[in-house]
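Here is the file coords.txt (compact mmCIF, C-alpha atoms).
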```
# COMPACT_ATOMS: atom_id res chain seq x y z
CA MET A 1 7.31 33.98 -10.88
CA GLY A 2 5.06 31.04 -9.98
CA ILE A 3 6.15 27.48 -9.44
CA SER A 4 4.82 24.34 -11.03
CA TYR A 5 3.05 21.49 -9.22
CA LEU A 6 6.16 19.34 -9.68
CA GLN A 7 8.45 21.97 -8.13
CA ALA A 8 6.02 22.35 -5.22
CA SER A 9 5.97 18.56 -4.84
CA ARG A 10 9.78 18.44 -4.62
CA ILE A 11 9.85 21.27 -2.09
CA ALA A 12 7.21 19.50 0.03
CA SER A 13 9.29 16.33 -0.01
CA GLU A 14 12.46 18.20 0.97
CA ILE A 15 10.70 19.86 3.91
CA ALA A 16 9.34 16.48 5.02
CA GLN A 17 12.82 14.94 4.83
CA GLU A 18 14.21 17.73 7.00
CA ARG A 19 11.59 16.70 9.56
CA GLY A 20 12.71 13.07 9.41
CA GLU A 21 10.04 11.77 7.01
CA TRP A 22 12.45 10.26 4.50
CA SER A 23 9.67 9.25 2.14
CA GLY A 24 8.74 12.87 1.57
CA ALA A 25 5.21 14.25 1.64
CA PRO A 26 2.40 14.26 -0.88
CA LEU A 27 0.94 17.43 -2.34
CA PRO A 28 -2.79 18.18 -2.15
CA ILE A 29 -4.57 18.41 -5.50
CA GLU A 30 -7.78 19.96 -6.69
CA GLY A 31 -10.98 18.01 -6.14
CA PHE A 32 -9.61 14.94 -4.32
CA ALA A 33 -8.80 15.09 -0.61
CA LEU A 34 -5.76 13.33 0.78
CA SER A 35 -6.17 10.50 3.25
CA ILE A 36 -2.99 10.10 5.27
CA ALA A 37 -1.71 7.07 7.18
CA GLU A 38 -2.18 7.21 10.92
CA GLY A 39 1.04 8.27 12.63
CA PHE A 40 2.52 10.06 9.61
CA GLY A 41 4.74 12.98 10.68
CA ILE A 42 2.65 15.69 9.00
CA PRO A 43 -0.92 14.87 10.13
CA THR A 44 -2.31 18.22 8.92
CA LEU A 45 -2.15 16.84 5.38
CA ASP A 46 -5.00 14.46 6.21
CA GLY A 47 -8.11 15.67 4.38
CA ALA A 48 -6.16 18.41 2.58
CA CYS A 49 -7.66 19.41 -0.75
CA LEU A 50 -7.29 22.46 -2.99
CA THR A 51 -11.07 22.98 -3.20
CA ASP A 52 -13.50 23.60 -0.41
CA ARG A 53 -15.34 20.29 -0.32
CA ASP A 54 -17.30 21.32 2.78
CA ASP A 55 -19.67 23.43 0.67
CA VAL A 56 -20.39 20.53 -1.68
CA SER A 57 -21.07 18.05 1.08
CA GLN A 58 -23.28 20.59 2.89
CA ASP A 59 -25.47 20.99 -0.21
CA ALA A 60 -25.75 17.24 -0.58
CA GLN A 61 -26.71 16.92 3.06
CA ASP A 62 -29.43 19.57 2.72
CA ASP A 63 -31.02 17.76 -0.23
CA SER A 64 -31.10 14.37 1.44
CA ALA A 65 -31.83 15.45 5.01
CA SER A 66 -35.38 14.08 4.91
CA VAL A 67 -34.28 10.63 3.67
CA ARG A 68 -32.02 8.65 5.98
CA LEU A 69 -30.11 5.49 5.15
CA ILE A 70 -30.68 2.93 7.92
CA ASN A 71 -28.79 -0.08 6.65
CA SER A 72 -27.25 -1.51 3.52
CA TRP A 73 -25.63 -4.78 2.51
CA HIS A 74 -24.57 -6.64 -0.56
CA CYS A 75 -26.68 -9.51 -1.88
CA ARG A 76 -24.50 -11.89 -3.85
CA GLN A 77 -27.48 -13.80 -5.27
CA ARG A 78 -28.98 -10.67 -6.81
CA SER A 79 -25.59 -9.04 -7.53
CA ALA A 80 -26.99 -5.90 -5.96
CA GLN A 81 -26.69 -3.59 -3.01
CA ILE A 82 -29.78 -3.63 -0.78
CA MET A 83 -30.47 -0.36 1.02
CA ILE A 84 -33.10 0.39 3.67
CA PHE A 85 -34.16 4.04 3.98
CA ASP A 86 -36.28 6.02 6.36
CA ASP A 87 -38.34 8.43 4.24
CA HIS A 88 -40.24 10.80 6.58
CA GLY A 89 -40.80 7.99 9.08
CA LYS A 90 -41.75 5.45 6.43
CA ARG A 91 -39.41 2.52 5.71
CA CYS A 92 -38.58 1.68 2.13
CA HIS A 93 -35.94 -0.39 0.40
CA VAL A 94 -33.91 0.00 -2.77
CA VAL A 95 -32.27 -2.79 -4.74
CA ARG A 96 -29.38 -1.27 -6.64
CA PRO A 97 -27.80 -3.68 -9.15
CA ASP A 98 -24.00 -3.69 -9.22
CA PHE A 99 -23.81 -2.80 -12.90
CA LEU A 100 -25.41 0.59 -12.19
CA ASP A 101 -22.53 1.47 -9.89
CA ARG A 102 -19.61 0.15 -11.88
CA GLY A 103 -19.44 2.62 -14.78
CA PRO A 104 -20.61 5.83 -13.14
CA ARG A 105 -18.51 5.30 -10.03
CA SER A 106 -15.41 3.72 -11.56
CA ILE A 107 -14.93 6.14 -14.45
CA PRO A 108 -14.40 9.29 -12.32
CA ARG A 109 -11.98 7.26 -10.17
CA ILE A 110 -10.00 6.23 -13.23
CA LEU A 111 -10.05 9.71 -14.76
CA ALA A 112 -8.67 11.13 -11.49
CA ALA A 113 -5.31 9.86 -12.74
CA PHE A 114 -5.08 13.05 -14.83
CA ASN A 115 -5.38 15.23 -11.71
CA VAL A 116 -2.90 13.16 -9.71
CA ALA A 117 -0.43 13.05 -12.62
CA GLN A 118 0.07 16.80 -12.22
CA VAL A 119 1.88 16.33 -8.90
CA GLN A 120 3.74 13.12 -9.75
CA ASP A 121 7.02 13.07 -11.61
CA VAL A 122 7.38 10.68 -14.54
CA GLN A 123 11.09 10.35 -13.67
CA ALA A 124 10.07 9.05 -10.24
CA GLU A 125 7.95 6.40 -11.98
CA PHE A 126 10.93 5.39 -14.15
CA THR A 127 13.13 5.16 -11.04
CA ALA A 128 10.53 3.00 -9.31
CA MET A 129 10.26 0.76 -12.38
CA ALA A 130 14.04 0.33 -12.42
CA THR A 131 13.85 -0.73 -8.77
CA LEU A 132 11.00 -3.15 -9.49
CA GLN A 133 13.03 -4.64 -12.34
CA THR A 134 15.66 -5.73 -9.82
CA MET A 135 13.02 -7.41 -7.66
CA ILE A 136 11.16 -9.67 -10.08
CA LYS A 137 12.07 -12.08 -12.86
CA PRO A 138 12.67 -10.61 -16.35
CA HIS A 139 9.58 -12.15 -17.99
CA LEU A 140 7.39 -10.79 -15.17
CA PHE A 141 8.88 -7.34 -15.56
CA GLU A 142 8.22 -7.49 -19.30
CA ALA A 143 4.58 -8.33 -18.57
CA TYR A 144 4.45 -5.39 -16.17
CA ALA A 145 6.07 -2.97 -18.61
CA LEU A 146 3.73 -4.08 -21.41
CA HIS A 147 0.43 -4.60 -19.61
CA GLY A 148 0.88 -3.17 -16.11
CA LEU A 149 0.47 -6.45 -14.23
CA PHE A 150 2.33 -9.49 -13.00
CA LEU A 151 1.70 -12.52 -10.79
CA GLU A 152 3.60 -13.90 -7.83
CA SER A 153 2.63 -16.66 -5.44
CA SER A 154 3.48 -16.54 -1.78
CA LYS A 155 5.90 -19.28 -0.78
CA ARG A 156 4.47 -19.19 2.68
CA SER A 157 0.71 -19.32 2.09
CA GLY A 158 0.40 -20.46 -1.53
CA ILE A 159 -1.87 -17.49 -2.30
CA VAL A 160 -1.33 -16.05 -5.77
CA TYR A 161 -1.18 -12.26 -6.02
CA LEU A 162 -2.00 -10.33 -9.15
CA PHE A 163 -0.20 -6.98 -8.88
CA ARG A 164 -1.78 -4.29 -11.07
CA LYS A 165 -0.53 -0.82 -11.83
CA GLY A 166 -2.90 1.79 -10.40
CA PHE A 167 -5.40 -0.73 -9.01
CA PRO A 168 -5.77 -2.92 -5.90
CA THR A 169 -3.79 -6.17 -5.79
CA ILE A 170 -5.94 -9.26 -6.32
CA ALA A 171 -5.42 -12.25 -4.01
CA LEU A 172 -6.30 -15.51 -5.73
CA SER A 173 -6.62 -18.99 -4.40
CA GLY A 174 -6.08 -22.06 -6.57
CA ASN A 175 -7.73 -25.40 -5.84
CA GLY A 176 -5.10 -27.93 -6.76
CA GLY A 177 -4.94 -26.95 -10.42
CA GLY A 178 -8.66 -26.10 -10.69
CA PRO A 179 -10.12 -22.70 -11.45
CA MET A 180 -8.78 -19.82 -9.40
CA ARG A 181 -11.01 -17.95 -7.00
CA VAL A 182 -10.71 -14.29 -6.06
CA ILE A 183 -10.29 -14.05 -2.30
CA SER A 184 -10.04 -10.30 -2.03
CA ALA A 185 -8.82 -7.09 -3.65
CA LEU A 186 -6.20 -5.54 -1.37
CA CYS A 187 -5.88 -1.77 -1.45
CA LEU A 188 -2.94 -0.15 0.32
CA HIS A 189 -0.79 2.93 -0.25
CA PRO A 190 2.44 4.13 1.39
CA ILE A 191 1.85 7.41 3.30
CA GLY A 192 -1.66 7.86 1.93
CA TYR A 193 -3.97 8.18 -1.04
CA TYR A 194 -6.30 10.56 -2.80
CA GLN A 195 -9.87 9.83 -1.72
CA ASP A 196 -12.32 8.63 -4.39
CA THR A 197 -9.46 7.56 -6.63
CA PHE A 198 -7.43 4.39 -7.08
CA LEU A 199 -4.24 6.41 -6.66
CA GLY A 200 -1.75 6.82 -3.87
CA SER A 201 0.54 9.64 -2.86
CA MET A 202 3.47 7.90 -4.52
CA VAL A 203 3.86 6.93 -8.16
CA PRO A 204 1.95 3.74 -9.09
CA THR A 205 5.01 1.47 -9.27
CA ASP A 206 6.01 2.52 -5.74
CA ASP A 207 2.57 1.29 -4.63
CA ILE A 208 3.30 -2.03 -6.37
CA ILE A 209 6.76 -2.26 -4.72
CA SER A 210 5.22 -1.67 -1.30
CA HIS A 211 2.64 -4.45 -1.90
CA LEU A 212 5.34 -6.82 -3.09
CA VAL A 213 7.73 -6.07 -0.22
CA LEU A 214 5.01 -6.37 2.41
CA MET A 215 3.75 -9.62 0.88
CA ARG A 216 7.25 -11.12 0.83
CA ALA A 217 8.44 -9.79 4.20
CA ASP A 218 5.30 -9.88 6.33
CA GLU A 219 2.21 -11.28 4.64
CA HIS A 220 0.03 -11.10 7.75
CA PHE A 221 0.89 -7.43 8.15
CA PHE A 222 0.02 -6.81 4.48
CA TRP A 223 -3.44 -8.35 4.95
CA ARG A 224 -3.97 -6.52 8.22
CA LYS A 225 -3.07 -3.09 6.86
CA ALA A 226 -4.75 -3.30 3.45
CA ASN A 227 -8.39 -2.48 2.83
CA HIS A 228 -10.24 -5.54 1.51
CA HIS A 229 -12.74 -5.15 -1.30
CA PHE A 230 -15.01 -7.91 -2.59
CA PRO A 231 -14.53 -8.74 -6.28
CA TRP A 232 -18.06 -7.53 -7.10
CA ASP A 233 -17.41 -4.19 -5.42
CA TRP A 234 -16.50 -1.47 -7.94
CA ARG A 235 -13.72 -0.37 -5.56
CA SER A 236 -11.86 -3.61 -6.34
CA GLY A 237 -11.16 -2.23 -9.81
CA LEU A 238 -12.29 -5.53 -11.38
CA MET B 1 28.41 -2.83 -0.44
CA GLY B 2 25.04 -2.59 1.28
CA GLU B 3 22.40 -0.12 0.20
CA LEU B 4 19.34 1.49 1.74
CA ARG B 5 16.45 2.29 -0.58
CA VAL B 6 13.57 4.40 0.68
CA LEU B 7 10.36 4.81 -1.32
CA ASN B 8 9.87 8.52 -1.89
CA CYS B 9 6.96 10.67 -3.08
CA SER B 10 8.84 12.95 -5.43
CA ALA B 11 11.88 10.85 -6.41
CA GLY B 12 10.54 7.29 -6.75
CA ASP B 13 13.12 6.15 -4.27
CA ILE B 14 16.22 7.55 -2.61
CA ARG B 15 19.33 5.42 -2.15
CA VAL B 16 22.13 5.55 0.37
CA LYS B 17 25.25 3.38 0.09
CA PHE B 18 26.84 2.06 3.26
CA ASP B 19 30.39 3.08 2.53
CA LYS B 20 32.62 2.82 5.62
CA THR B 21 35.15 5.16 3.99
CA ASN B 22 32.54 7.91 3.58
CA SER B 23 31.72 9.05 7.11
CA VAL B 24 29.17 11.67 5.98
CA GLU B 25 27.06 9.08 4.15
CA LEU B 26 27.44 6.64 7.03
CA ILE B 27 26.17 9.14 9.60
CA ARG B 28 23.29 10.03 7.29
CA ALA B 29 22.38 6.36 6.85
CA ARG B 30 22.42 5.76 10.63
CA LYS B 31 20.20 8.81 11.19
CA MET B 32 17.78 7.71 8.46
CA ILE B 33 17.46 4.18 9.82
CA GLY B 34 16.88 5.47 13.36
CA ASP B 35 14.29 8.03 12.17
CA MET B 36 12.46 5.46 10.10
CA LEU B 37 12.25 2.74 12.74
CA ARG B 38 10.99 5.32 15.25
CA ARG B 39 8.33 6.51 12.82
CA GLY B 40 6.94 3.08 12.05
CA TYR B 41 8.51 2.45 8.65
CA LEU B 42 8.85 -1.17 7.62
CA LEU B 43 12.46 -1.95 6.78
CA ALA B 44 12.74 -5.17 4.82
CA ILE B 45 16.16 -6.78 4.66
CA GLU B 46 17.26 -9.17 1.94
CA ILE B 47 18.71 -12.38 3.40
CA ASP B 48 19.30 -15.56 1.42
CA GLY B 49 16.97 -14.34 -1.32
CA LYS B 50 14.15 -13.69 1.16
CA LEU B 51 12.85 -10.48 2.69
CA GLU B 52 12.64 -10.20 6.48
CA PRO B 53 11.37 -7.22 8.49
CA VAL B 54 13.99 -5.40 10.58
CA HIS B 55 13.14 -5.34 14.28
CA LYS B 56 15.84 -3.01 15.65
CA PHE B 57 19.08 -1.33 14.67
CA ASP B 58 22.25 -1.34 16.74
CA VAL B 59 23.88 2.05 16.06
CA ASP B 60 27.11 1.16 17.86
CA LYS B 61 27.76 -1.94 15.80
CA ASP B 62 25.96 -0.88 12.60
CA GLU B 63 23.89 -4.06 12.65
CA TYR B 64 20.26 -4.77 11.90
CA ILE B 65 18.48 -7.05 14.33
CA ILE B 66 15.82 -9.29 12.86
CA ILE B 67 13.55 -11.80 14.54
CA GLU B 68 13.49 -15.07 12.70
CA SER B 69 10.64 -17.48 13.26
CA VAL B 70 11.66 -21.11 13.39
CA THR B 71 8.69 -23.23 12.45
CA SER B 72 8.70 -26.85 13.45
CA SER B 73 6.36 -27.90 10.64
CA PRO B 74 6.17 -26.38 7.14
CA LEU B 75 3.36 -23.87 6.65
CA ILE B 76 2.68 -24.50 2.97
CA ASN B 77 -0.68 -26.23 3.24
CA ASP B 78 -4.39 -25.46 3.34
CA GLU B 79 -4.20 -24.37 6.93
CA ALA B 80 -1.63 -21.73 6.00
CA LYS B 81 -3.81 -20.48 3.15
CA LYS B 82 -6.73 -20.05 5.51
CA SER B 83 -4.58 -18.32 8.07
CA ALA B 84 -3.18 -15.83 5.56
CA ALA B 85 -6.64 -15.19 4.12
CA SER B 86 -7.97 -14.37 7.55
CA ALA B 87 -4.88 -12.56 8.76
CA ASP B 88 -6.92 -9.88 10.47
CA ARG B 89 -8.44 -12.55 12.68
CA LYS B 90 -6.57 -14.46 15.31
CA GLN B 91 -3.50 -16.18 13.88
CA THR B 92 -3.50 -19.96 13.60
CA PRO B 93 -1.52 -21.33 16.48
CA SER B 94 1.55 -23.16 15.24
CA LYS B 95 4.59 -24.58 16.94
CA LYS B 96 6.89 -21.62 16.40
CA SER B 97 9.88 -20.31 18.25
CA THR B 98 11.80 -17.16 17.48
CA LYS B 99 15.43 -16.18 17.58
CA SER B 100 17.11 -12.86 16.90
CA ARG B 101 19.81 -12.51 14.31
CA ARG B 102 22.24 -9.68 13.68
CA VAL B 103 23.05 -8.62 10.14
CA PRO B 104 25.81 -6.08 9.36
CA MET B 105 24.47 -3.11 7.42
CA GLU B 106 27.44 -2.76 5.09
CA SER B 107 26.79 -6.11 3.47
CA THR B 108 23.00 -6.11 3.03
CA ASN B 109 20.35 -4.34 1.00
CA VAL B 110 17.33 -2.88 2.73
CA ILE B 111 14.17 -1.36 1.35
CA ALA B 112 12.09 0.98 3.49
CA ILE B 113 8.32 1.42 3.24
CA PRO B 114 6.67 4.26 5.17
CA ARG B 115 3.45 3.89 7.15
CA THR B 116 0.60 2.79 4.93
CA ALA B 117 -3.08 3.59 4.56
CA GLY B 118 -5.68 1.23 3.13
CA GLY B 119 -7.46 2.83 0.17
```
For the structure just supplied, provide its representation as structure tokens.
Amino acid sequence: MGISYLQASRIASEIAQERGEWSGAPLPIEGFALSIAEGFGIPTLDGACLTDRDDVSQDAQDDSASVRLINSWHCRQRSAQIMIFDDHGKRCHVVRPDFLDRGPRSIPRILAAFNVAQVQDVQAEFTAMATLQTMIKPHLFEAYALHGLFLESSKRSGIVYLFRKGFPTIALSGNGGGPMRVISALCLHPIGYYQDTFLGSMVPTDDIISHLVLMRADEHFFWRKANHHFPWDWRSGL
Amino acid sequence: MGELRVLNCSAGDIRVKFDKTNSVELIRARKMIGDMLRRGYLLAIEIDGKLEPVHKFDVDKDEYIIIESVTSSPLINDEAKKSAASADRKQTPSKKSTKSRRVPMESTNVIAIPRTAGG
């Protein structure tokens, strides 16, 4: 008799706990490789994926071997990514507007939720939500339960954080009552995350709790550990 | 009664109560705290409505040790905003001193976050 993804996930967590990793261990899924935090007790999980991605990347490399990317940067004025290529010894440039990237690159990331949902337990999400409910004010929790987001400002720095379920947290700066400005989108996951997705190895509300706890307990550490994405970057989830 | 909550992949979070009358749970809690601090977990302790990171744990006395920063001038100003926004750069020098404080585990709530990876 076979076992389900969820049963395998529980077994993996129990084994990890026996080894002293009390947060358990994530389960690899098909199509999206795990990226694991440095120093995690089971480092062999880093890069683990249920499909052989090496073949795919090898094909891609063969096709593009003659064209080499030399440099790329974002141009805010043009709202585009500028890329310089070496094409058989000849230099050429490509201006790739942001809007071309947003849909095609964001949609597969969002749809990856269906793959990740196979190994995550809805009861774990409910437990995490119950925990979050004890940590924020009732009206904020209602906003979170209804729309998947809530705001909190840091008492220490004055920065306002927009916590979003399944997406990076947005850091906003207010100018004395004027319009708010996006400083950065902060992406961080406990234990690790599935590459090319917005999703972490824990249920989405656990990601939110970790952002909230780190922001409240050690804001500098939160900024240091999180990946920063510009608001115009599709990886910001904006 | 104090409680330890650990974020967990398959369960959402796991909870351990610090019950001095239940020696099995107490030993388990001590082991968990030791394991987690050794493995780089961030343990955040709730004190006076604020969260503070735990620095060490005294197994003999069942006490958390936290390092409190005592700031001579309040940090809620533009300078603080800039310093938080550029936290990965050098921190803004401020007139700070630190002192350690011991907090008994049976009377406080702690939430544990494992090592993190930026996505």
What are the residues of chain A lining chain B at 7 Å or less? Count all atoms listed in the file, and put the answer as an NGL selection string. :A and (9-10 or 13 or 20 or 23-26 or 36-37 or 40 or 120-121 or 124-125 or 127-128 or 156-159 or 187-193 or 201-203 or 206 or 210 or 216-218 or 220 or 223-227)
Distance query Ile47 (chain B) at most 9 Å, only C-alpha atoms, self and fewer than 5 positions along chain excluded, as a ChimeraX atom specification: /B:52,103,108-109
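One distance worth recording is that between CA of Arg78 (chain A) and CA of Val95 (chain A), which is 8.8 Å.
For the atom pair formed by CA of Ile3 (chain A) and CA of Leu27 (chain A), the distance is 13.4 Å, given to one decimal.
Taking only C-alpha atoms into account, Leu132 (chain A) lies nearest to A:Ala145 out of the set A:Ala145, A:Ala113, A:Ala12, A:Ile70.
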Give the answer as one residue: which of A:Ala48, A:Trp22, A:Met135, A:Glu142 has the shortest atom-to-atom distance to Gly49 (chain B), using only C-alpha atoms?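 Of all the options, A:Met135 lies closest to Gly49 (chain B).
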In the coordinates of the file, take the point (-3.6, 25.2, -3.4) and a cut-off of 12 Å; then, counting only C-alpha atoms, name each qualifying protein, DNA or RNA residue as a list in words. Ile3, Ser4, Tyr5, Ala8, Ser9, Leu27, Pro28, Ile29, Glu30, Gly31, Phe32, Ala33, Ala48, Cys49, Leu50, Thr51, Asp52 and Val119 of chain A
